[in-house]
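Have a look at the structure below, then the notes.
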Number of protein chains: 2
Amino acid sequence: MTGSGNEVSVRLHHSEALKFNADFSDGRRIDLDSSKEMGRAFTPMELFLVALAGCTSMDVQWIMDRQRQKVEVFSVAIKGNRREEDPKYYENIEIHYTLVGADLRRDAVERAIRLSIDKYCSVLAMVKESVKVNIRYSVKTGMEPMQEYTLSPSLSSIPNP
Amino acid sequence: MTGSGNEVSVRLHHSEALKFNADFSDGRRIDLDSSKEMGRAFTPMELFLVALAGCTSMDVQWIMDRQRQKVEVFSVAIKGNRREEDPKYYENIEIHYTLVGADLRRDAVERAIRLSIDKYCSVLAMVKESVKVNIRYSVKTGMEPMQEYTLSPSLSSIPNP
């Protein structure tokens, strides 16, 4: 963490073309770029998606732990579609959580995702008004086949056909 | 860039505790974490700030180039203050641009920043409704001392005292 208390800060330095280095005070660095040859750099919009997915992933992991649900494999795929016109922000974003465990309860998974979306995810909270976010999740428990669900905006969810 | 056309995508895999790896399809990776010992990882809210600062920095650099303004040193400091309660998003964010050049015009700098803020910055466009963003910029041209300005929400700006 950088900054004191609830403050977070970082400084960007221009290097060349559209390349920037983002330096945190403790020495951590991310390279930014927007070109054909990205090397080890990321675009700002890529970093935004990682921030959003990371935020809700940590929430869900944390809540599953609190619910004493043992998750053996957990991955989250996120994709966003940008507008054609400036500003080219994401018009819609899809987040797809996949959780595998010997004894997972689907209601516990859905509860964890819903708490993140509705209450905890800080990055999502900032974009809720402007971006349409679709949520899906897949659960595999024990020997049963993987089942996929769509999280409805209301308080229920329906299995995908 | 990942994904085709205007689509961007990334997949996160849980490793341990609250650690996740974010993997792009071309092999680029960012490590995410939220702990005392961050190593080379970043928190989601840190990545969000880098995304926002990176987005507007690239805009400003690009517009300054278009205006044939030669910027010799360009850095952008960004800091955000998080709410105390969940969701702990940034209540306010300050962005401070610093540009140095032999022959910089202040009006060209301000125009570049304003175009980014009002028209181009995709990350900012998504959070405008929910986050208060304060903008300052410092310009040093030739032998003159560095001057700092605050960008007002309207179409003018006033020098700081």
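Just remember, in the structure tokens the first chain shown is A, the second B, etc., residues are 1-based per chain, and ligands are 1-based in the order shown.
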
Residues of chain A no more than 6 Å from chain B, counting only C-alpha atoms: send them over as a compact mmCIF listing (two decimals) with N, CA and C atoms, in the first residue's frame.
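Written out: iface-v8.txt:
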# COMPACT_ATOMS: atom_id res chain seq x y z
N ASN A 6 -6.29 6.13 4.28
CA ASN A 6 -7.10 5.75 3.14
C ASN A 6 -6.64 6.41 1.85
N GLU A 7 -5.45 6.98 1.85
CA GLU A 7 -4.95 7.66 0.65
C GLU A 7 -4.08 6.72 -0.16
N VAL A 8 -4.29 6.70 -1.46
CA VAL A 8 -3.46 5.92 -2.37
C VAL A 8 -2.89 6.89 -3.39
N SER A 9 -1.60 6.75 -3.70
CA SER A 9 -1.02 7.68 -4.67
C SER A 9 0.02 6.99 -5.53
N VAL A 10 0.22 7.54 -6.71
CA VAL A 10 1.20 7.00 -7.65
C VAL A 10 1.61 8.14 -8.58
N ARG A 11 2.81 8.04 -9.15
CA ARG A 11 3.29 9.09 -10.05
C ARG A 11 3.69 8.47 -11.38
N LEU A 12 3.24 9.08 -12.46
CA LEU A 12 3.58 8.61 -13.81
C LEU A 12 4.63 9.53 -14.43
N HIS A 13 5.60 8.92 -15.10
CA HIS A 13 6.61 9.70 -15.82
C HIS A 13 6.56 9.30 -17.28
N HIS A 14 6.56 10.30 -18.14
CA HIS A 14 6.59 10.02 -19.56
C HIS A 14 7.98 9.57 -19.97
N LEU A 18 3.93 7.17 -26.48
CA LEU A 18 2.85 7.17 -25.48
C LEU A 18 3.20 6.25 -24.31
N PRO A 44 -4.18 1.65 -20.33
CA PRO A 44 -5.01 2.05 -19.19
C PRO A 44 -6.33 1.27 -19.12
N LEU A 47 -5.74 -2.14 -17.68
CA LEU A 47 -5.55 -2.06 -16.23
C LEU A 47 -6.88 -1.85 -15.51
N PHE A 48 -7.75 -1.08 -16.12
CA PHE A 48 -9.06 -0.87 -15.50
C PHE A 48 -9.79 -2.21 -15.34
N ALA A 51 -8.34 -4.17 -12.58
CA ALA A 51 -8.74 -3.59 -11.30
C ALA A 51 -10.15 -4.04 -10.92
N GLY A 54 -10.15 -7.83 -10.25
CA GLY A 54 -9.40 -8.11 -9.04
C GLY A 54 -10.20 -7.77 -7.80
N CYS A 55 -10.87 -6.65 -7.85
CA CYS A 55 -11.68 -6.18 -6.75
C CYS A 55 -12.78 -7.17 -6.38
N MET A 58 -11.37 -10.71 -5.14
CA MET A 58 -10.92 -10.74 -3.74
C MET A 58 -12.11 -10.76 -2.79
N PHE A 74 -10.48 -21.34 -8.53
CA PHE A 74 -11.30 -20.13 -8.67
C PHE A 74 -10.67 -19.26 -9.75
N SER A 75 -11.42 -19.00 -10.81
CA SER A 75 -10.92 -18.09 -11.84
C SER A 75 -12.05 -17.15 -12.25
N VAL A 76 -11.67 -16.01 -12.74
CA VAL A 76 -12.65 -15.00 -13.16
C VAL A 76 -12.24 -14.46 -14.52
N ALA A 77 -13.12 -14.61 -15.49
CA ALA A 77 -12.87 -14.05 -16.82
C ALA A 77 -13.68 -12.76 -16.95
N ILE A 78 -13.03 -11.72 -17.48
CA ILE A 78 -13.74 -10.46 -17.65
C ILE A 78 -13.48 -9.96 -19.07
N LYS A 79 -14.52 -9.46 -19.70
CA LYS A 79 -14.31 -8.82 -20.99
C LYS A 79 -15.20 -7.59 -21.10
N GLY A 80 -14.68 -6.59 -21.78
CA GLY A 80 -15.40 -5.35 -21.94
C GLY A 80 -15.43 -4.93 -23.39
N ASN A 81 -16.53 -4.32 -23.80
CA ASN A 81 -16.65 -3.80 -25.16
C ASN A 81 -16.67 -2.27 -25.15
N ARG A 82 -15.71 -1.70 -25.87
CA ARG A 82 -15.56 -0.24 -25.87
C ARG A 82 -16.45 0.41 -26.91
N ASP A 86 -15.43 8.66 -29.07
CA ASP A 86 -14.82 9.20 -27.85
C ASP A 86 -15.89 9.70 -26.88
N PRO A 87 -15.73 9.55 -25.58
CA PRO A 87 -14.69 8.73 -24.97
C PRO A 87 -15.01 7.24 -25.12
N LYS A 88 -14.00 6.44 -25.47
CA LYS A 88 -14.19 5.03 -25.81
C LYS A 88 -14.22 4.13 -24.58
N TYR A 89 -15.10 4.46 -23.66
CA TYR A 89 -15.19 3.65 -22.43
C TYR A 89 -15.97 2.37 -22.70
N LYS A 119 -22.39 -4.56 -2.48
CA LYS A 119 -21.95 -3.90 -1.25
C LYS A 119 -20.47 -3.57 -1.17
N TYR A 120 -19.60 -4.50 -1.63
CA TYR A 120 -18.19 -4.34 -1.31
C TYR A 120 -17.28 -3.82 -2.42
N CYS A 121 -17.58 -4.15 -3.67
CA CYS A 121 -16.58 -3.89 -4.72
C CYS A 121 -16.44 -2.40 -5.02
N SER A 122 -15.29 -1.85 -4.61
CA SER A 122 -15.05 -0.40 -4.71
C SER A 122 -14.94 0.07 -6.15
N MET A 126 -17.79 2.67 -8.44
CA MET A 126 -17.51 3.93 -9.14
C MET A 126 -18.06 3.98 -10.56
N VAL A 127 -18.34 2.81 -11.16
CA VAL A 127 -18.76 2.79 -12.57
C VAL A 127 -20.19 2.29 -12.77
N SER A 130 -22.62 4.16 -15.05
CA SER A 130 -22.30 4.41 -16.46
C SER A 130 -22.04 3.15 -17.29

**Request:** Would you list, as a ChimeraX atom specification, the residues of chain A that end up in strand (DSSP E or B) under DSSP run on this structure's backbone?
**Result:** /A:7-14,20-23,29-32,42,73-82,90-101,132-141,147-151,157-159

**Message:** According to DSSP computed on the backbone, where in segment 3-157 of chain A is there helix (DSSP H, G or I)? Give the residues as a PyMOL selection string.
**Reply:** chain A and resi 44-66+106-120+122-127

**Fill in**
Between atom CA of Arg68 of chain B and atom CA of Tyr137 of chain B lies a distance of 19.1 Å

**Asked** Suppose you want the space between atom CA of Thr141 of chain B and atom CA of Ile113 of chain B; what is it in Å?
**Response**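 Spanning atom CA of Thr141 of chain B to atom CA of Ile113 of chain B is a straight-line distance of 16.8 Å.
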
**Distance in Å - atom CA of Ala102 of chain A versus atom CA of Asn134 of chain A** =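 A separation of 27.0 Å between them.
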